[in-house]
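Quick notes on the structure that follows.
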Amino acid sequence: MAQLPPGIRFITSFSRDQWYRAFIFSLTFLLYASFHLSRKPISIVKGELHKHCAASHEVELDSYKEYAAQIQPLKKPFNASQCGWEPFDKNNYKQLLGALDYSFLCAYAVGMYLSGLIGERLPIRYYLTGGMLASGLFTAMFGLGYFYNVHNLWFYIMAQIANGLVQTTGWPSVVTCIGNWFGKGRRGLIMGIWNSHTSVGNILGSLIAAYWVSTCWGLSFVVPGVVVAVMGIVCFLFLIEHPKDVSCSCTPSSSSKTFLNGTSRCRIQMLTLNAKENGKLQQDPEMQHLLTDSENSSVSLNSSTVVSGEGRHGTSAISFLGALRIPGVVEFSLCLLFAKLVSYTFLFWLPLYITSVEHLDAKRAGDLSTLFDVGGIFGGILAGLISDRLEKRASTCGMMLLLAAPTLYMFSTVSKMGLEATVVMLLISGALVNGPYALITTAVSADLGTHKSLKGNARALSTVTAIIDGTGSVGAALGPLLAGLISPSGWNNVFYMLMVADACALLLLLRLIQKELQCDADHTLFKEH
């Protein structure tokens, strides 16, 4: 019998379950990357919506008018302002552009709290597909304002609000789907790699938008809108909500370790040492079960928090207040509020900042801004890897937040020294700013979503995730708004605001960090005795 080709041997070396999990991992990665791809164009196009007026631009403006007249011969005359696209060509353009950001992010924050509750009660595939098709429509709608020569501010604000609401279908859906397929086997490193879809989507969105921004900025929105809608169709055709739907096992076959916060994890370590020291680990079946199933190690909540039903479809949804009672949810949610405030300020204002400091055109500034997201990819993976090694989620976030504040100050100073310095600081700042944000929204949310009070209720993970990300989205809405209000007084003041936000995020984690460190101290003391 002939030897199998190397490629076939590689394929057959993995089980059917492993291939399905790899497929769902990749599919959800691409689905949510497309959401972020559609959010990025607004930050790239800002430099084109408002230009610095100059007489030397008259030749360019004439050719631009001629091009616009060709593509819209039946419309009213092209906007003749040399300062950009009306109504963003006025002196208050920063406030108007900030209003666009705020309208999207405020709608996203409000909608996220409702999205998790709704998502638990609907099939994920239908819910996510509908959200992606609607998001594609409203993203393209913003770009259509260019082709139809729309200069009404409320048209663009309403497009942003509608898009913000429908995009809330994405995050709870993909996290719940990943939770169903990977169960308690998730680790910080794997979730860090998966969460790089955020940065990948931002990079692709920046490149697509920058390609058309200087010639036809409407396509910077229409093309991403089409991409999201196409991915929505892919979602409808291929997304598998639960492994049971294709007769796969519910959890990975490899052994897993769940990370707990504070006293819960400490209690398990102390019980383990005590049992081993007294030689009773194998003799006590109840203790053995406690030590192998980390869900049973958590502090019990009110039994009415979750009512467990029979089977996946019979499980009742967790209440909003019940989710808030889970230890760590409030602290990490508020921490994410400030962490996301910093991250989304960079997301929406970085290209305009680079344009102002480096005096680059909108396309080059958009391309350069992708380096921040490249750093974010490495930061998310690094945060997951460190938290796995230390078994301390809160301490890992705190360490990166502590380093992020002085790095932001250095960025505001060094970025004025030249392009090379800006490149280096973009990579470092991206890693430190997005690292805690990535860890909280993935691994931490997954840890909290498998608390004992949920009693294996995978559907409740959607509500827990929505609460954490929804609270973070409040900060995401405030950050760009504050940047728009503060930036007229100088970009340095914007960076001071971001440093204060990082400090607040760190302060909110101090209680959990103290518990993790106290746990290790008690652990060491117990071993010495």
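Residue numbers start at 1 in each chain; chains themselves are named A, B, ... in the order of the structure tokens; ligands are numbered from 1 in the order shown.
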
>> Based on the backbone DSSP call, show me all residues of region 77-171 of chain A assigned alpha helix (DSSP H), as number ranges by chain.
In response: A: 93-120, 124-147, 153-166, 170-171

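By chain and then residue number, the residues within 6 Å of region 22-30 of chain A are Trp19, Tyr20, Tyr32, Ala33, Val174 and His197 of chain A, counting only C-alpha atoms and disregarding those fewer than 2 positions away in sequence.
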
>> Neighbouring residues of Thr442 (chain A) were defined as those with any atom within 12 Å, considering only C-alpha atoms; residues of the same chain fewer than 2 positions away were excluded. Please report them as JSON, numbers by chain.
In response: {"A": [171, 172, 174, 175, 176, 178, 179, 186, 187, 188, 189, 190, 191, 192, 193, 194, 195, 196, 197, 198, 332, 336, 380, 381, 383, 384, 393, 435, 436, 437, 438, 439, 440, 444, 445, 446, 447, 448, 449, 461, 464, 465, 466, 468, 469]}

>> Just want the 12 Å neighbourhood of Gly136 (chain A), counted on only C-alpha atoms, with same-chain residues fewer than 5 positions away dropped. Output as an MDAnalysis selection string.
In response: chainID A and resid 34:39 129:131 141:143 159:160 162:164 166:167 221:233

> Can you list, as a ChimeraX atom specification, every protein, DNA or RNA residue that comes within 9 Å of region 99-111 of chain A when you count only C-alpha atoms, leaving out same-chain residues fewer than 2 positions away?
Replying inline: /A:42-43,94-97,113-116,153,156-169,348,469-481,484

Residues from the last selection, C-alpha atoms, saved as a PDB file, in the first residue's frame:
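Below you can see selection.pdb, which holds the result:
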ATOM      1  CA  ILE A  42     -14.984  57.358   9.770  1.00  0.00           C
ATOM      2  CA  SER A  43     -11.598  57.978  11.415  1.00  0.00           C
ATOM      3  CA  LYS A  94     -13.873  68.978  15.652  1.00  0.00           C
ATOM      4  CA  GLN A  95     -17.094  69.184  17.649  1.00  0.00           C
ATOM      5  CA  LEU A  96     -19.141  68.053  14.641  1.00  0.00           C
ATOM      6  CA  LEU A  97     -16.832  65.117  13.936  1.00  0.00           C
ATOM      7  CA  TYR A 113     -27.203  46.090  27.402  1.00  0.00           C
ATOM      8  CA  LEU A 114     -30.313  45.053  25.499  1.00  0.00           C
ATOM      9  CA  SER A 115     -28.476  42.987  22.915  1.00  0.00           C
ATOM     10  CA  GLY A 116     -27.236  40.371  25.366  1.00  0.00           C
ATOM     11  CA  LEU A 153     -25.538  66.839   9.558  1.00  0.00           C
ATOM     12  CA  TYR A 156     -24.887  61.374   8.952  1.00  0.00           C
ATOM     13  CA  ILE A 157     -25.761  61.313  12.653  1.00  0.00           C
ATOM     14  CA  MET A 158     -28.815  59.094  12.066  1.00  0.00           C
ATOM     15  CA  ALA A 159     -26.728  56.733   9.932  1.00  0.00           C
ATOM     16  CA  GLN A 160     -24.235  56.469  12.802  1.00  0.00           C
ATOM     17  CA  ILE A 161     -26.932  55.888  15.438  1.00  0.00           C
ATOM     18  CA  ALA A 162     -28.622  53.155  13.409  1.00  0.00           C
ATOM     19  CA  ASN A 163     -25.290  51.474  12.705  1.00  0.00           C
ATOM     20  CA  GLY A 164     -24.311  51.629  16.376  1.00  0.00           C
ATOM     21  CA  LEU A 165     -27.524  49.892  17.433  1.00  0.00           C
ATOM     22  CA  VAL A 166     -27.336  47.009  14.932  1.00  0.00           C
ATOM     23  CA  GLN A 167     -23.622  46.403  15.557  1.00  0.00           C
ATOM     24  CA  THR A 168     -24.430  45.383  19.136  1.00  0.00           C
ATOM     25  CA  THR A 169     -25.594  42.039  17.757  1.00  0.00           C
ATOM     26  CA  PHE A 348     -11.445  57.496  16.002  1.00  0.00           C
ATOM     27  CA  ASP A 469     -18.688  45.160  26.973  1.00  0.00           C
ATOM     28  CA  GLY A 470     -21.716  47.451  27.293  1.00  0.00           C
ATOM     29  CA  THR A 471     -20.176  49.232  30.278  1.00  0.00           C
ATOM     30  CA  GLY A 472     -16.924  49.475  28.357  1.00  0.00           C
ATOM     31  CA  SER A 473     -18.825  50.979  25.448  1.00  0.00           C
ATOM     32  CA  VAL A 474     -19.938  53.862  27.666  1.00  0.00           C
ATOM     33  CA  GLY A 475     -16.265  54.762  27.921  1.00  0.00           C
ATOM     34  CA  ALA A 476     -15.871  54.193  24.189  1.00  0.00           C
ATOM     35  CA  ALA A 477     -18.588  56.810  23.646  1.00  0.00           C
ATOM     36  CA  LEU A 478     -17.121  59.306  26.114  1.00  0.00           C
ATOM     37  CA  GLY A 479     -13.528  59.107  24.858  1.00  0.00           C
ATOM     38  CA  PRO A 480     -13.996  60.421  21.297  1.00  0.00           C
ATOM     39  CA  LEU A 481     -16.526  62.977  22.537  1.00  0.00           C
ATOM     40  CA  GLY A 484     -13.453  66.437  20.223  1.00  0.00           C
TER      41      GLY A 484
END

> Which neighbours of region 511-513 of chain A fall inside 9 Å, counting only C-alpha atoms, when residues of the same chain fewer than 2 positions from it are skipped, and could you give them as a list in words?
Replying inline: Asn261, Gly262, Gly328, Glu331, Lys392, Arg393, Ala394, Ser395, Thr396, Gly398, Leu507, Leu508, Leu509, Lys515, Glu516, Leu517 and Gln518 of chain A

>> Would you pick out the contacts of Trp212 (chain A) at 12 Å or less, using only C-alpha atoms, so that residues sharing its chain but fewer than 4 positions from it are not included, and give the list as a PyMOL selection string?
In response: chain A and resi 41+44-45+48+143+205-208+216-224+362-364+366

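Among the candidates A:Asn149, A:Thr422, A:Ser412, A:Thr12, the residue lying nearest to Asn493 (chain A) is A:Ser412 (atoms considered: only C-alpha atoms).
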
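Closest approach to Gly376 (chain A) among A:Met410, A:Ala431, A:Leu324, A:Cys397 is made by A:Ala431 (distances from only C-alpha atoms).
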
> Distance CA of Ser487 (chain A)-CA of Thr355 (chain A), one decimal place?
Replying inline: 13.6 Å

> Which value, in Å to one decimal, gives the distance between CA of Gly84 (chain A) and CA of Lys51 (chain A)?
Replying inline: 4.9 Å

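Across the model, the gap from CA of Ser429 (chain A) to CA of Thr407 (chain A) is 6.4 Å.
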
> With only C-alpha atoms as the atoms that count, which of A:Cys335, A:Ser214, A:Ile354, A:Thr345 lies nearest to Ser369 (chain A)?
Replying inline: A:Ile354

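Minimum atom-to-atom distance to Leu117 (chain A), evaluated using only C-alpha atoms, belongs to A:Ile467 out of A:Val213, A:Val246, A:Ile467, A:Leu31.
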